[in-house]
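Peer 1: Handing you this structure, nothing more for now.
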Amino acid sequence: LRNEEKLGLIVATGNVEFTQGKRILLADTVTYNQREDVMTATGNVSLLEPTGEVLFADRVSLSGDMRDGIMENLRIRLSDDAKIAAASGRRTRGELTEINRAVYSPCNLCEEDKTKPPIWQVKAFTVKHDKTTQDVVYNDAFIEFFGIPLVYTPYLSHADPTVDRREGFLTPTYGSNSDLGMIIS
């Protein structure tokens, strides 16, 4: 731990754990700018949310209460174990997460070859996850099955994992049987 009083910086290195309320920030290095009330975390950054979501990033800049921030090379594991990966993102008030060039999938990767695409995924230019309205909204989205884009839509939304029931599209299910072979419904 280093305190740069003249600059108003506190720098922590090593396995840093920072807690604010029920949010926990883990990183290799955390720099806190006291004058601007901004925390910058780099290296193996994980932000554990009280809702069960976990955000992983290469670099994160957060406000002192960790509710507002900017993230680079972002990966999110939602509370239902669905995954989102994105080039960058911004979080506002701890309620709205906006991410760019994103991929969403509730499917796990193939155990034998993790480079293969999941069974289905949504790729979008932008994605907004609003915890207040409990919506996930995609703009300029492609729905892919086995890595092949099948459907383009300029707008797509669904309920976030915290919602039990709501009107709209159902999540696709898949399976196989000896009579029909592969089934997607």
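Starting from 1 in every chain, residues are counted up; chains themselves are A, B, ... following the order of the structure tokens, and ligands are numbered from 1 as listed.
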Find the residues near segment 90-105 of chain A: any atom within 6 Å, counting only C-alpha atoms, skip ones fewer than 2 places away on the same chain, and give them as an mmCIF file with N, CA, C and O atoms, in the first residue's frame.

Peer 2:
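Result saved to part_15.cif:
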```
data_model
loop_
_atom_site.group_PDB
_atom_site.id
_atom_site.type_symbol
_atom_site.label_atom_id
_atom_site.label_comp_id
_atom_site.auth_asym_id
_atom_site.auth_seq_id
_atom_site.Cartn_x
_atom_site.Cartn_y
_atom_site.Cartn_z
ATOM 1 N N ARG A 67 -20.742 2.410 -8.254
ATOM 2 C CA ARG A 67 -22.011 2.337 -8.974
ATOM 3 C C ARG A 67 -21.875 2.851 -10.404
ATOM 4 O O ARG A 67 -22.665 2.495 -11.262
ATOM 5 N N ASP A 68 -20.916 3.704 -10.682
ATOM 6 C CA ASP A 68 -20.686 4.245 -12.023
ATOM 7 C C ASP A 68 -19.294 3.823 -12.469
ATOM 8 O O ASP A 68 -18.357 3.819 -11.660
ATOM 9 N N GLY A 69 -19.163 3.503 -13.750
ATOM 10 C CA GLY A 69 -17.835 3.129 -14.194
ATOM 11 C C GLY A 69 -17.734 2.816 -15.664
ATOM 12 O O GLY A 69 -18.728 2.717 -16.386
ATOM 13 N N ILE A 70 -16.486 2.667 -16.106
ATOM 14 C CA ILE A 70 -16.144 2.310 -17.487
ATOM 15 C C ILE A 70 -15.268 1.065 -17.422
ATOM 16 O O ILE A 70 -14.361 0.974 -16.587
ATOM 17 N N ALA A 82 -25.795 -17.337 -17.447
ATOM 18 C CA ALA A 82 -25.626 -16.899 -18.833
ATOM 19 C C ALA A 82 -24.403 -15.990 -18.884
ATOM 20 O O ALA A 82 -23.985 -15.432 -17.866
ATOM 21 N N LYS A 83 -23.841 -15.851 -20.089
ATOM 22 C CA LYS A 83 -22.606 -15.093 -20.222
ATOM 23 C C LYS A 83 -22.736 -13.988 -21.266
ATOM 24 O O LYS A 83 -23.419 -14.164 -22.272
ATOM 25 N N ILE A 84 -22.072 -12.870 -20.999
ATOM 26 C CA ILE A 84 -21.967 -11.768 -21.954
ATOM 27 C C ILE A 84 -20.498 -11.404 -22.041
ATOM 28 O O ILE A 84 -19.824 -11.284 -21.020
ATOM 29 N N ALA A 85 -20.005 -11.222 -23.260
ATOM 30 C CA ALA A 85 -18.640 -10.746 -23.477
ATOM 31 C C ALA A 85 -18.727 -9.515 -24.359
ATOM 32 O O ALA A 85 -19.576 -9.447 -25.256
ATOM 33 N N ALA A 86 -17.873 -8.522 -24.108
ATOM 34 C CA ALA A 86 -17.940 -7.276 -24.874
ATOM 35 C C ALA A 86 -16.582 -6.592 -24.896
ATOM 36 O O ALA A 86 -15.729 -6.836 -24.034
ATOM 37 N N ALA A 87 -16.418 -5.719 -25.880
ATOM 38 C CA ALA A 87 -15.176 -4.957 -26.007
ATOM 39 C C ALA A 87 -15.057 -3.910 -24.903
ATOM 40 O O ALA A 87 -13.979 -3.695 -24.350
ATOM 41 N N SER A 88 -16.168 -3.256 -24.591
ATOM 42 C CA SER A 88 -16.141 -2.218 -23.559
ATOM 43 C C SER A 88 -17.537 -2.029 -23.000
ATOM 44 O O SER A 88 -18.517 -2.496 -23.573
ATOM 45 N N CYS A 107 -25.719 -20.642 -23.116
ATOM 46 C CA CYS A 107 -25.140 -21.968 -23.305
ATOM 47 C C CYS A 107 -23.692 -22.013 -22.822
ATOM 48 O O CYS A 107 -22.936 -21.054 -22.970
ATOM 49 N N GLN A 121 -26.347 -18.106 -29.770
ATOM 50 C CA GLN A 121 -25.875 -16.880 -29.158
ATOM 51 C C GLN A 121 -26.441 -15.683 -29.908
ATOM 52 O O GLN A 121 -26.893 -15.814 -31.037
ATOM 53 N N VAL A 122 -26.417 -14.537 -29.236
ATOM 54 C CA VAL A 122 -26.835 -13.283 -29.851
ATOM 55 C C VAL A 122 -25.619 -12.377 -29.884
ATOM 56 O O VAL A 122 -24.980 -12.159 -28.860
ATOM 57 N N LYS A 123 -25.297 -11.884 -31.075
ATOM 58 C CA LYS A 123 -24.226 -10.906 -31.227
ATOM 59 C C LYS A 123 -24.872 -9.572 -31.564
ATOM 60 O O LYS A 123 -25.752 -9.512 -32.415
ATOM 61 N N ALA A 124 -24.428 -8.513 -30.887
ATOM 62 C CA ALA A 124 -25.056 -7.213 -31.094
ATOM 63 C C ALA A 124 -24.025 -6.098 -31.042
ATOM 64 O O ALA A 124 -22.992 -6.219 -30.382
ATOM 65 N N PHE A 125 -24.371 -5.000 -31.741
ATOM 66 C CA PHE A 125 -23.497 -3.830 -31.723
ATOM 67 C C PHE A 125 -23.529 -3.188 -30.342
ATOM 68 O O PHE A 125 -22.499 -2.830 -29.797
ATOM 69 N N THR A 126 -24.715 -3.065 -29.743
ATOM 70 C CA THR A 126 -24.830 -2.560 -28.371
ATOM 71 C C THR A 126 -25.862 -3.388 -27.604
ATOM 72 O O THR A 126 -26.823 -3.887 -28.179
ATOM 73 N N VAL A 127 -25.631 -3.499 -26.307
ATOM 74 C CA VAL A 127 -26.557 -4.189 -25.407
ATOM 75 C C VAL A 127 -26.714 -3.324 -24.165
ATOM 76 O O VAL A 127 -25.729 -2.800 -23.642
ATOM 77 N N LYS A 128 -27.961 -3.185 -23.716
ATOM 78 C CA LYS A 128 -28.242 -2.456 -22.475
ATOM 79 C C LYS A 128 -28.942 -3.398 -21.514
ATOM 80 O O LYS A 128 -29.935 -4.016 -21.870
ATOM 81 N N HIS A 129 -28.405 -3.499 -20.300
ATOM 82 C CA HIS A 129 -29.036 -4.301 -19.253
ATOM 83 C C HIS A 129 -29.500 -3.327 -18.179
ATOM 84 O O HIS A 129 -28.688 -2.734 -17.476
ATOM 85 N N ASP A 130 -30.815 -3.163 -18.067
ATOM 86 C CA ASP A 130 -31.411 -2.241 -17.106
ATOM 87 C C ASP A 130 -31.994 -3.053 -15.962
ATOM 88 O O ASP A 130 -32.983 -3.762 -16.130
ATOM 89 N N LYS A 131 -31.387 -2.946 -14.785
ATOM 90 C CA LYS A 131 -31.859 -3.718 -13.630
ATOM 91 C C LYS A 131 -33.168 -3.173 -13.075
ATOM 92 O O LYS A 131 -33.921 -3.908 -12.455
#
```

Peer 1: Run DSSP on the backbone of this structure and report the residues of segment 55-172 of chain A it assigns to strand (DSSP E), as a VMD selection string.

Peer 2: chain A and resid 55 to 63 69 to 77 83 to 92 96 to 105 120 to 130 135 to 145 148 to 159

Peer 1: Can you tell me which residues surround Ala12 of chain A at a distance of at most 10 Å, considering only C-alpha atoms, apart from same-chain residues fewer than 3 positions away, and format the answer as a compact mmCIF listing (two decimals) with all heavy atoms, in the first residue's frame?

Peer 2:
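Result written to out_5.txt:
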```
# COMPACT_ATOMS: atom_id res chain seq x y z
N LEU A 1 0.86 -1.17 0.00
CA LEU A 1 0.00 0.00 0.00
C LEU A 1 0.89 1.22 0.00
O LEU A 1 1.83 1.32 0.79
CB LEU A 1 -0.91 -0.01 1.23
CG LEU A 1 -1.93 1.10 1.33
CD1 LEU A 1 -2.95 1.03 0.22
CD2 LEU A 1 -2.64 1.04 2.67
N ARG A 2 0.60 2.13 -0.92
CA ARG A 2 1.37 3.36 -1.06
C ARG A 2 0.42 4.54 -1.01
O ARG A 2 -0.60 4.54 -1.68
CB ARG A 2 2.10 3.32 -2.41
CG ARG A 2 3.44 3.94 -2.41
CD ARG A 2 4.18 3.74 -3.74
NE ARG A 2 3.46 4.33 -4.86
CZ ARG A 2 3.17 3.69 -5.99
NH1 ARG A 2 3.49 2.44 -6.14
NH2 ARG A 2 2.53 4.29 -6.95
N ASN A 3 0.77 5.57 -0.25
CA ASN A 3 -0.05 6.77 -0.16
C ASN A 3 0.73 7.95 -0.73
O ASN A 3 1.74 8.37 -0.16
CB ASN A 3 -0.43 7.04 1.31
CG ASN A 3 -1.44 8.15 1.43
OD1 ASN A 3 -1.82 8.80 0.46
ND2 ASN A 3 -1.90 8.37 2.64
N LEU A 9 -3.37 10.25 -4.17
CA LEU A 9 -3.56 8.87 -4.65
C LEU A 9 -3.20 7.87 -3.57
O LEU A 9 -2.24 8.06 -2.82
CB LEU A 9 -2.67 8.60 -5.87
CG LEU A 9 -2.90 9.42 -7.12
CD1 LEU A 9 -1.86 9.05 -8.17
CD2 LEU A 9 -4.29 9.21 -7.66
N ASN A 15 -2.88 -8.98 -4.27
CA ASN A 15 -4.25 -9.49 -4.33
C ASN A 15 -5.15 -8.52 -3.58
O ASN A 15 -5.43 -8.72 -2.40
CB ASN A 15 -4.34 -10.90 -3.74
CG ASN A 15 -3.57 -11.91 -4.55
OD1 ASN A 15 -3.55 -11.83 -5.76
ND2 ASN A 15 -2.95 -12.84 -3.87
N VAL A 16 -5.60 -7.48 -4.27
CA VAL A 16 -6.36 -6.41 -3.63
C VAL A 16 -7.83 -6.78 -3.57
O VAL A 16 -8.41 -7.24 -4.56
CB VAL A 16 -6.18 -5.08 -4.40
CG1 VAL A 16 -6.97 -3.96 -3.72
CG2 VAL A 16 -4.72 -4.72 -4.52
N GLU A 17 -8.44 -6.58 -2.42
CA GLU A 17 -9.88 -6.76 -2.25
C GLU A 17 -10.42 -5.49 -1.62
O GLU A 17 -9.97 -5.06 -0.57
CB GLU A 17 -10.17 -7.95 -1.34
CG GLU A 17 -11.65 -8.19 -1.16
CD GLU A 17 -11.96 -9.44 -0.37
OE1 GLU A 17 -11.19 -10.42 -0.46
OE2 GLU A 17 -12.98 -9.44 0.35
N PHE A 18 -11.39 -4.89 -2.32
CA PHE A 18 -11.99 -3.64 -1.86
C PHE A 18 -13.49 -3.85 -1.76
O PHE A 18 -14.11 -4.32 -2.71
CB PHE A 18 -11.66 -2.50 -2.85
CG PHE A 18 -12.14 -1.16 -2.42
CD1 PHE A 18 -11.36 -0.36 -1.60
CD2 PHE A 18 -13.38 -0.68 -2.82
CE1 PHE A 18 -11.80 0.88 -1.18
CE2 PHE A 18 -13.83 0.55 -2.42
CZ PHE A 18 -13.05 1.34 -1.59
N ALA A 27 -8.68 -7.23 -7.65
CA ALA A 27 -7.78 -6.86 -8.74
C ALA A 27 -6.33 -7.01 -8.30
O ALA A 27 -6.05 -7.13 -7.10
CB ALA A 27 -8.05 -5.43 -9.19
N ASP A 28 -5.43 -6.98 -9.27
CA ASP A 28 -4.00 -7.00 -8.97
C ASP A 28 -3.54 -5.64 -8.45
O ASP A 28 -2.72 -5.57 -7.55
CB ASP A 28 -3.19 -7.38 -10.21
CG ASP A 28 -3.44 -8.82 -10.63
OD1 ASP A 28 -3.88 -9.64 -9.79
OD2 ASP A 28 -3.19 -9.14 -11.81
N THR A 29 -4.06 -4.56 -9.04
CA THR A 29 -3.69 -3.20 -8.64
C THR A 29 -4.93 -2.33 -8.59
O THR A 29 -5.72 -2.33 -9.53
CB THR A 29 -2.68 -2.58 -9.63
OG1 THR A 29 -1.54 -3.44 -9.72
CG2 THR A 29 -2.24 -1.20 -9.17
N VAL A 30 -5.10 -1.56 -7.51
CA VAL A 30 -6.18 -0.60 -7.40
C VAL A 30 -5.59 0.74 -6.99
O VAL A 30 -4.83 0.83 -6.03
CB VAL A 30 -7.24 -1.03 -6.36
CG1 VAL A 30 -8.30 0.05 -6.18
CG2 VAL A 30 -7.89 -2.34 -6.76
N THR A 31 -5.93 1.77 -7.77
CA THR A 31 -5.50 3.13 -7.49
C THR A 31 -6.73 3.96 -7.18
O THR A 31 -7.67 3.99 -7.97
CB THR A 31 -4.75 3.75 -8.69
OG1 THR A 31 -3.65 2.90 -9.02
CG2 THR A 31 -4.24 5.15 -8.36
N TYR A 32 -6.74 4.61 -6.01
CA TYR A 32 -7.87 5.45 -5.63
C TYR A 32 -7.44 6.91 -5.65
O TYR A 32 -6.51 7.31 -4.96
CB TYR A 32 -8.38 5.07 -4.24
CG TYR A 32 -9.52 5.94 -3.77
CD1 TYR A 32 -10.71 5.98 -4.46
CD2 TYR A 32 -9.39 6.73 -2.64
CE1 TYR A 32 -11.76 6.79 -4.03
CE2 TYR A 32 -10.43 7.53 -2.20
CZ TYR A 32 -11.62 7.55 -2.90
OH TYR A 32 -12.65 8.35 -2.49
N ALA A 41 -8.92 -0.01 -11.39
CA ALA A 41 -8.42 -1.36 -11.10
C ALA A 41 -7.90 -1.98 -12.39
O ALA A 41 -8.50 -1.83 -13.45
CB ALA A 41 -9.54 -2.21 -10.53
```

Peer 1: Using only C-alpha atoms, which of the listed residues (A:Gly181, A:Gly43, A:Gly147, A:Pro161) sits closest to Ser79 of chain A?

Peer 2: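 When distances to Ser79 of chain A are compared using only C-alpha atoms, the smallest one comes from A:Pro161.
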
Peer 1: With 7 Å as the cut-off and only C-alpha atoms counted, what is the closest atom pair between each nearby residue of segment 68-141 of chain A and segment 52-61 of chain A? Distances in Å to one decimal, ordered by chain and number, as a Markdown table.

Peer 2:
```
| residue | atom | partner | partner_atom | distance |
| --- | --- | --- | --- | --- |
| A:Gly69 | CA | A:Ser61 | CA | 5.3 |
| A:Ile70 | CA | A:Ser61 | CA | 5.3 |
| A:Met71 | CA | A:Val60 | CA | 4.5 |
| A:Glu72 | CA | A:Arg59 | CA | 5.3 |
| A:Asn73 | CA | A:Ala57 | CA | 5.4 |
| A:Leu74 | CA | A:Ala57 | CA | 4.5 |
| A:Arg75 | CA | A:Phe56 | CA | 5.0 |
| A:Ile76 | CA | A:Leu55 | CA | 4.5 |
| A:Arg77 | CA | A:Val54 | CA | 5.3 |
| A:Leu78 | CA | A:Glu53 | CA | 4.6 |
| A:Ser79 | CA | A:Gly52 | CA | 5.0 |
```

Peer 1: Taking all heavy atoms for each residue, export the selection above as a PDB file, in the first residue's frame.

Peer 2:
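Result went into out_34.pdb, see below:
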```pdb
ATOM      1  N   GLY A  69     -19.163   3.503 -13.750  1.00  0.00           N
ATOM      2  CA  GLY A  69     -17.835   3.129 -14.194  1.00  0.00           C
ATOM      3  C   GLY A  69     -17.734   2.816 -15.664  1.00  0.00           C
ATOM      4  O   GLY A  69     -18.728   2.717 -16.386  1.00  0.00           O
ATOM      5  N   ILE A  70     -16.486   2.667 -16.106  1.00  0.00           N
ATOM      6  CA  ILE A  70     -16.144   2.310 -17.487  1.00  0.00           C
ATOM      7  C   ILE A  70     -15.268   1.065 -17.422  1.00  0.00           C
ATOM      8  O   ILE A  70     -14.361   0.974 -16.587  1.00  0.00           O
ATOM      9  CB  ILE A  70     -15.396   3.464 -18.175  1.00  0.00           C
ATOM     10  CG1 ILE A  70     -16.290   4.699 -18.237  1.00  0.00           C
ATOM     11  CG2 ILE A  70     -14.946   3.050 -19.563  1.00  0.00           C
ATOM     12  CD1 ILE A  70     -15.569   5.943 -18.707  1.00  0.00           C
ATOM     13  N   MET A  71     -15.542   0.089 -18.312  1.00  0.00           N
ATOM     14  CA  MET A  71     -14.839  -1.182 -18.290  1.00  0.00           C
ATOM     15  C   MET A  71     -14.285  -1.508 -19.681  1.00  0.00           C
ATOM     16  O   MET A  71     -14.928  -1.209 -20.677  1.00  0.00           O
ATOM     17  CB  MET A  71     -15.787  -2.292 -17.844  1.00  0.00           C
ATOM     18  CG  MET A  71     -16.352  -2.051 -16.457  1.00  0.00           C
ATOM     19  SD  MET A  71     -17.976  -2.787 -16.188  1.00  0.00           S
ATOM     20  CE  MET A  71     -19.046  -1.509 -16.787  1.00  0.00           C
ATOM     21  N   GLU A  72     -13.128  -2.132 -19.721  1.00  0.00           N
ATOM     22  CA  GLU A  72     -12.507  -2.557 -20.974  1.00  0.00           C
ATOM     23  C   GLU A  72     -12.389  -4.079 -20.999  1.00  0.00           C
ATOM     24  O   GLU A  72     -12.041  -4.688 -19.992  1.00  0.00           O
ATOM     25  CB  GLU A  72     -11.113  -1.944 -21.112  1.00  0.00           C
ATOM     26  CG  GLU A  72     -11.114  -0.430 -21.204  1.00  0.00           C
ATOM     27  CD  GLU A  72      -9.716   0.147 -21.184  1.00  0.00           C
ATOM     28  OE1 GLU A  72      -8.730  -0.611 -21.309  1.00  0.00           O
ATOM     29  OE2 GLU A  72      -9.614   1.378 -21.033  1.00  0.00           O
ATOM     30  N   ASN A  73     -12.632  -4.653 -22.171  1.00  0.00           N
ATOM     31  CA  ASN A  73     -12.576  -6.104 -22.371  1.00  0.00           C
ATOM     32  C   ASN A  73     -13.382  -6.812 -21.281  1.00  0.00           C
ATOM     33  O   ASN A  73     -12.853  -7.515 -20.437  1.00  0.00           O
ATOM     34  CB  ASN A  73     -11.131  -6.602 -22.409  1.00  0.00           C
ATOM     35  CG  ASN A  73     -11.044  -8.000 -22.977  1.00  0.00           C
ATOM     36  OD1 ASN A  73     -11.967  -8.479 -23.634  1.00  0.00           O
ATOM     37  ND2 ASN A  73      -9.941  -8.667 -22.722  1.00  0.00           N
ATOM     38  N   LEU A  74     -14.679  -6.631 -21.359  1.00  0.00           N
ATOM     39  CA  LEU A  74     -15.623  -7.001 -20.312  1.00  0.00           C
ATOM     40  C   LEU A  74     -16.227  -8.379 -20.556  1.00  0.00           C
ATOM     41  O   LEU A  74     -16.563  -8.737 -21.681  1.00  0.00           O
ATOM     42  CB  LEU A  74     -16.730  -5.945 -20.290  1.00  0.00           C
ATOM     43  CG  LEU A  74     -17.918  -6.140 -19.391  1.00  0.00           C
ATOM     44  CD1 LEU A  74     -17.487  -6.079 -17.937  1.00  0.00           C
ATOM     45  CD2 LEU A  74     -18.943  -5.061 -19.685  1.00  0.00           C
ATOM     46  N   ARG A  75     -16.357  -9.137 -19.485  1.00  0.00           N
ATOM     47  CA  ARG A  75     -17.087 -10.399 -19.491  1.00  0.00           C
ATOM     48  C   ARG A  75     -17.991 -10.390 -18.271  1.00  0.00           C
ATOM     49  O   ARG A  75     -17.560 -10.008 -17.188  1.00  0.00           O
ATOM     50  CB  ARG A  75     -16.128 -11.587 -19.427  1.00  0.00           C
ATOM     51  CG  ARG A  75     -15.418 -11.785 -20.734  1.00  0.00           C
ATOM     52  CD  ARG A  75     -13.922 -11.972 -20.743  1.00  0.00           C
ATOM     53  NE  ARG A  75     -13.124 -11.981 -19.559  1.00  0.00           N
ATOM     54  CZ  ARG A  75     -12.277 -11.003 -19.224  1.00  0.00           C
ATOM     55  NH1 ARG A  75     -12.177  -9.909 -19.936  1.00  0.00           N
ATOM     56  NH2 ARG A  75     -11.518 -11.101 -18.155  1.00  0.00           N
ATOM     57  N   ILE A  76     -19.221 -10.839 -18.449  1.00  0.00           N
ATOM     58  CA  ILE A  76     -20.183 -10.846 -17.351  1.00  0.00           C
ATOM     59  C   ILE A  76     -20.781 -12.241 -17.229  1.00  0.00           C
ATOM     60  O   ILE A  76     -21.184 -12.829 -18.230  1.00  0.00           O
ATOM     61  CB  ILE A  76     -21.324  -9.832 -17.590  1.00  0.00           C
ATOM     62  CG1 ILE A  76     -20.770  -8.424 -17.797  1.00  0.00           C
ATOM     63  CG2 ILE A  76     -22.325  -9.860 -16.442  1.00  0.00           C
ATOM     64  CD1 ILE A  76     -21.818  -7.427 -18.267  1.00  0.00           C
ATOM     65  N   ARG A  77     -20.842 -12.749 -16.015  1.00  0.00           N
ATOM     66  CA  ARG A  77     -21.590 -13.977 -15.745  1.00  0.00           C
ATOM     67  C   ARG A  77     -22.821 -13.546 -14.962  1.00  0.00           C
ATOM     68  O   ARG A  77     -22.726 -13.058 -13.849  1.00  0.00           O
ATOM     69  CB  ARG A  77     -20.771 -14.979 -14.941  1.00  0.00           C
ATOM     70  CG  ARG A  77     -21.478 -16.337 -14.858  1.00  0.00           C
ATOM     71  CD  ARG A  77     -20.731 -17.348 -14.035  1.00  0.00           C
ATOM     72  NE  ARG A  77     -20.847 -16.962 -12.635  1.00  0.00           N
ATOM     73  CZ  ARG A  77     -19.843 -16.927 -11.773  1.00  0.00           C
ATOM     74  NH1 ARG A  77     -18.634 -17.222 -12.159  1.00  0.00           N
ATOM     75  NH2 ARG A  77     -20.054 -16.580 -10.518  1.00  0.00           N
ATOM     76  N   LEU A  78     -23.993 -13.687 -15.595  1.00  0.00           N
ATOM     77  CA  LEU A  78     -25.245 -13.273 -14.973  1.00  0.00           C
ATOM     78  C   LEU A  78     -25.640 -14.263 -13.882  1.00  0.00           C
ATOM     79  O   LEU A  78     -25.085 -15.364 -13.787  1.00  0.00           O
ATOM     80  CB  LEU A  78     -26.344 -13.151 -16.027  1.00  0.00           C
ATOM     81  CG  LEU A  78     -26.082 -12.123 -17.133  1.00  0.00           C
ATOM     82  CD1 LEU A  78     -27.154 -12.204 -18.202  1.00  0.00           C
ATOM     83  CD2 LEU A  78     -26.017 -10.720 -16.562  1.00  0.00           C
ATOM     84  N   SER A  79     -26.633 -13.909 -13.088  1.00  0.00           N
ATOM     85  CA  SER A  79     -27.036 -14.740 -11.956  1.00  0.00           C
ATOM     86  C   SER A  79     -27.580 -16.103 -12.378  1.00  0.00           C
ATOM     87  O   SER A  79     -27.566 -17.039 -11.587  1.00  0.00           O
ATOM     88  CB  SER A  79     -28.060 -14.004 -11.094  1.00  0.00           C
ATOM     89  OG  SER A  79     -29.192 -13.666 -11.861  1.00  0.00           O
TER      90      SER A  79
END
```

Peer 1: Which distance in Å separates atom CA of Thr133 of chain A and atom CA of Leu156 of chain A, to one decimal?

Peer 2: 15.0 Å

Peer 1: Could you check how far atom CA of Ser178 of chain A sits from atom CA of Pro118 of chain A, in Å to one decimal?

Peer 2: 22.7 Å
